[in-house]
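Participant: I have a structure here, written as structure tokens, and I will follow up with some questions on it.
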Amino acid sequence: MTVLALLAAVAAMLSNTAASLLESAGTHRATRQRPLWRQPRYLVGLACDGLGWLLSVVALRVLPVFAVQSVLAGTVAATPVAAAGGDPRRLSVRQRTAVAGVVLGLALVAASAQPGRAPRLPAAATPVLLVTAAALLAALVPVRRSGRPLLMTVAAGLAFGGVSLAVRAVHVRSSLWTSLLDLLGEPLAWAVLVFGATGTVLLAAGLRAGAVSTVVAVLSVTEVIVPGLVGLALLGDRVRPGWAVVLAAGWVLTVAGVALLARAPAVSASA
């Protein structure tokens with residue numbers, strides 16, 4: 001089951017990588033005559049995002065948030081390579097070093113995860129997630145109007161991280177359901193929709209205003225660190241005994257690699 005969950009997370013990462021490139025292309029082609037919702041590449045990118053989300057839901061049933069998010073963040077390494085037409089030689093030495101650091105760091109984070117989930121959801125989890133979803137929704141318009149791609153991307157990363165946290169929490173509570181109506185009455189299920197919609201809008205704005213490699217880098221590190229820590233503190237996610245140092249080292253390598261990628265010049269996508 002753990003292997004299948006990891007495979008689902010890897011497949012989700014690849015789907016998200018394709019989504020980022022397609023959505024970036026679509027947002028840059030949008031005009032008043034052909035708005036974003038009429039851009040085929042953007043729409044296909046959203047479909048890839050949807051597929052990636054479904055696969056991540058499967059992974060989150062078994063693996064803790066920080067492990068799944070770390071695998072999903074592999075898109076930060078895959079995106080510049082894909083944007084370079086699949087030819088790593090088009091990347092600078094700094095970019096190749098950063099990609100290697102990110103891959104190694106994410107592997108360490110994923111390896112440190114203890115599979116399984118908490119027997120029950122801590123009492124504070126639901127109100128914290130609901131308040132966070134409401135706060136991000138309230139911040140949507142001012143953040144989007146700020147015109148600052150990094151701010152929009154960080155907010156999008158927090159929103160998508162909220163999706164994973166809420167899905168993980170819903171999995172823990174799923175033993176209490178007896179029908180689909182129970183799911184519809186689950187506040188955290190609605191929080192998933194709020195987080196997801198908010199993140200999608202903010203990411204589109206960030207991709208339109210910034211370079212895709214930088215946006216993906218900032219998005220990935222936000223999605224790994226913040227939700228990972230919240231999952232450990234709030235949802236009962238666990239690290240393998242004696243692997244806390246490995247987890248910390250993985251996070252350090254990931255953040256360092258992302259910082260290098262964020263400062264590197266963008267690679268033009270091949271036609």
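Labels used: A, B, ... for chains in the order of the structure tokens, numbers from 1 for residues in each chain, and numbers from 1 for ligands as shown.
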Per DSSP on the backbone, filter region 44-269 of chain A down to the residues in alpha helix (DSSP H) and report them as a PyMOL selection string.
Facilitator: chain A and resi 44-60+65-72+75-83+93-111+125-145+149-173+180-184+187-209+212-234+244-263
Participant: Write out as a PyMOL selection string the residues lying within 12 Å of Pro88 (chain A), counting only C-alpha atoms and excluding same-chain residues fewer than 3 positions away.
Facilitator: chain A and resi 77-85+91-97+99-100+267
Participant: Can I get the selection written as an mmCIF file, in the first residue's frame, with N, CA and C atoms?
Facilitator:
```cif
data_model
loop_
_atom_site.group_PDB
_atom_site.id
_atom_site.type_symbol
_atom_site.label_atom_id
_atom_site.label_comp_id
_atom_site.auth_asym_id
_atom_site.auth_seq_id
_atom_site.Cartn_x
_atom_site.Cartn_y
_atom_site.Cartn_z
ATOM 1 N N ALA A 77 11.938 20.649 -9.754
ATOM 2 C CA ALA A 77 13.106 20.179 -10.489
ATOM 3 C C ALA A 77 12.738 19.778 -11.914
ATOM 4 N N ALA A 78 11.548 19.228 -12.076
ATOM 5 C CA ALA A 78 11.141 18.765 -13.405
ATOM 6 C C ALA A 78 10.774 19.916 -14.337
ATOM 7 N N THR A 79 10.238 21.000 -13.786
ATOM 8 C CA THR A 79 9.754 22.097 -14.627
ATOM 9 C C THR A 79 10.854 22.769 -15.444
ATOM 10 N N PRO A 80 11.986 23.187 -14.840
ATOM 11 C CA PRO A 80 13.013 23.818 -15.677
ATOM 12 C C PRO A 80 13.588 22.878 -16.726
ATOM 13 N N VAL A 81 13.681 21.583 -16.394
ATOM 14 C CA VAL A 81 14.172 20.621 -17.383
ATOM 15 C C VAL A 81 13.182 20.509 -18.539
ATOM 16 N N ALA A 82 11.892 20.430 -18.194
ATOM 17 C CA ALA A 82 10.867 20.353 -19.239
ATOM 18 C C ALA A 82 10.830 21.635 -20.060
ATOM 19 N N ALA A 83 10.982 22.780 -19.381
ATOM 20 C CA ALA A 83 10.973 24.062 -20.093
ATOM 21 C C ALA A 83 12.162 24.186 -21.034
ATOM 22 N N ALA A 84 13.232 23.450 -20.720
ATOM 23 C CA ALA A 84 14.419 23.454 -21.584
ATOM 24 C C ALA A 84 14.318 22.403 -22.683
ATOM 25 N N GLY A 85 13.121 21.911 -22.917
ATOM 26 C CA GLY A 85 12.919 20.926 -23.965
ATOM 27 C C GLY A 85 13.421 19.550 -23.593
ATOM 28 N N LEU A 91 20.440 24.004 -19.158
ATOM 29 C CA LEU A 91 20.426 24.619 -17.836
ATOM 30 C C LEU A 91 21.837 25.038 -17.443
ATOM 31 N N SER A 92 21.922 26.082 -16.638
ATOM 32 C CA SER A 92 23.226 26.512 -16.147
ATOM 33 C C SER A 92 23.727 25.530 -15.088
ATOM 34 N N VAL A 93 25.011 25.647 -14.747
ATOM 35 C CA VAL A 93 25.577 24.792 -13.701
ATOM 36 C C VAL A 93 24.826 25.007 -12.391
ATOM 37 N N ARG A 94 24.492 26.263 -12.096
ATOM 38 C CA ARG A 94 23.745 26.558 -10.870
ATOM 39 C C ARG A 94 22.399 25.855 -10.880
ATOM 40 N N GLN A 95 21.714 25.894 -12.015
ATOM 41 C CA GLN A 95 20.401 25.257 -12.093
ATOM 42 C C GLN A 95 20.501 23.744 -11.945
ATOM 43 N N ARG A 96 21.499 23.149 -12.597
ATOM 44 C CA ARG A 96 21.654 21.696 -12.475
ATOM 45 C C ARG A 96 21.989 21.301 -11.043
ATOM 46 N N THR A 97 22.829 22.093 -10.387
ATOM 47 C CA THR A 97 23.161 21.820 -8.989
ATOM 48 C C THR A 97 21.925 21.943 -8.111
ATOM 49 N N VAL A 99 18.758 21.620 -9.029
ATOM 50 C CA VAL A 99 17.839 20.516 -9.309
ATOM 51 C C VAL A 99 18.280 19.259 -8.560
ATOM 52 N N ALA A 100 19.584 18.976 -8.593
ATOM 53 C CA ALA A 100 20.096 17.796 -7.888
ATOM 54 C C ALA A 100 19.857 17.917 -6.385
ATOM 55 N N VAL A 267 14.359 29.720 -18.092
ATOM 56 C CA VAL A 267 14.677 29.007 -19.329
ATOM 57 C C VAL A 267 13.464 29.067 -20.228
#
```
Participant: Identify which of the residues A:Leu219, A:Leu158, A:Val57, A:Leu140 lies closest to Ala11 (chain A), counting only C-alpha atoms when measuring atom-to-atom distances.
Facilitator: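 Answer, going by the shortest atom-to-atom distance: A:Val57.
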Participant: Can you pull out the residues contacting Thr254 (chain A)? Cut-off 8 Å, using only C-alpha atoms, and skip same-chain residues under 2 positions away; I want them as a ChimeraX atom specification.
Facilitator: /A:101-106,221,250-252,256-258
Participant: Leaving out region 18-26 of chain A and any residue of its chain fewer than 4 positions from it, which residues lie within 7 Å of it when counting only C-alpha atoms, given as a PyMOL selection string?
Facilitator: chain A and resi 14+30+36+39+41-42+45-46+48-49+207-208+212
Participant: Please provide the set of residues having any atom within 10 Å of Ala59 (chain A), restricted to only C-alpha atoms, with same-chain residues fewer than 5 positions apart removed, written as a PyMOL selection string.
Facilitator: chain A and resi 1-10+12+53-54+64-65+67-69+168
Participant: Counting only C-alpha atoms, what are the residues of region 57-117 of chain A within 7 Å of region 233-242 of chain A, and for each of them which pair of atoms is the nearest and at what distance in Å, to one decimal? Sort the table by chain and rising number, as JSON lines.
Facilitator:
```
{"residue": "A:Pro64", "atom": "CA", "partner": "A:Asp237", "partner_atom": "CA", "distance": 5.3}
{"residue": "A:Ser112", "atom": "CA", "partner": "A:Arg240", "partner_atom": "CA", "distance": 5.5}
{"residue": "A:Ala113", "atom": "CA", "partner": "A:Val239", "partner_atom": "CA", "distance": 4.8}
{"residue": "A:Gln114", "atom": "CA", "partner": "A:Arg240", "partner_atom": "CA", "distance": 4.8}
{"residue": "A:Arg117", "atom": "CA", "partner": "A:Asp237", "partner_atom": "CA", "distance": 6.4}
```
Participant: Restricting it to C-alpha atoms, dump the selection as a PDB file, in the first residue's frame.
Facilitator:
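The resulting file, part.pdb, is reproduced below:
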```pdb
ATOM      1  CA  PRO A  64       1.666  11.968   5.910  1.00  0.00           C
ATOM      2  CA  SER A 112      11.676   9.926   6.716  1.00  0.00           C
ATOM      3  CA  ALA A 113       7.889   9.577   6.694  1.00  0.00           C
ATOM      4  CA  GLN A 114       6.115   7.064   8.903  1.00  0.00           C
ATOM      5  CA  ARG A 117      -2.523   8.094  10.013  1.00  0.00           C
TER       6      ARG A 117
END
```
Participant: I need the residues in region 78-254 of chain A that are strand (DSSP E) according to DSSP; give them as a PyMOL selection string.
Facilitator: chain A and resi 113-114+238-239
Participant: For those residues, write C-alpha atoms to a file as a PDB file, in the first residue's frame.
Facilitator:
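Just written: result_29.pdb:
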```
ATOM      1  CA  ALA A 113       7.889   9.577   6.694  1.00  0.00           C
ATOM      2  CA  GLN A 114       6.115   7.064   8.903  1.00  0.00           C
ATOM      3  CA  ARG A 238       4.714  11.043  12.205  1.00  0.00           C
ATOM      4  CA  VAL A 239       8.399  10.787  11.339  1.00  0.00           C
TER       5      VAL A 239
END
```
Participant: Enter the distance from CA of Arg120 (chain A) to CA of Ala156 (chain A), in Å, rounded to one decimal.
Facilitator: 28.4 Å
Participant: Work out how far apart CA of His28 (chain A) and CA of Leu72 (chain A) are and give it in Å to one decimal.
Facilitator: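 Between CA of His28 (chain A) and CA of Leu72 (chain A) the gap works out to 24.2 Å.
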Participant: Measuring between only C-alpha atoms, which one of A:Leu188, A:Leu232, A:Gly52, A:Ala138 shows the shortest distance to His171 (chain A)?
Facilitator: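 Closest to His171 (chain A), using only C-alpha atoms: A:Leu188.
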Participant: Which one is closest to Trp190 (chain A): A:Ala107, A:Val154, A:Val218, A:Leu130? Count only C-alpha atoms.
Facilitator: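 Comparing A:Ala107, A:Val154, A:Val218, A:Leu130 against Trp190 (chain A), the winner is A:Leu130.
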Participant: Using CA of Arg144 (chain A) and CA of Leu202 (chain A) as the two end points, give the distance in Å to one decimal.
Facilitator: 6.3 Å
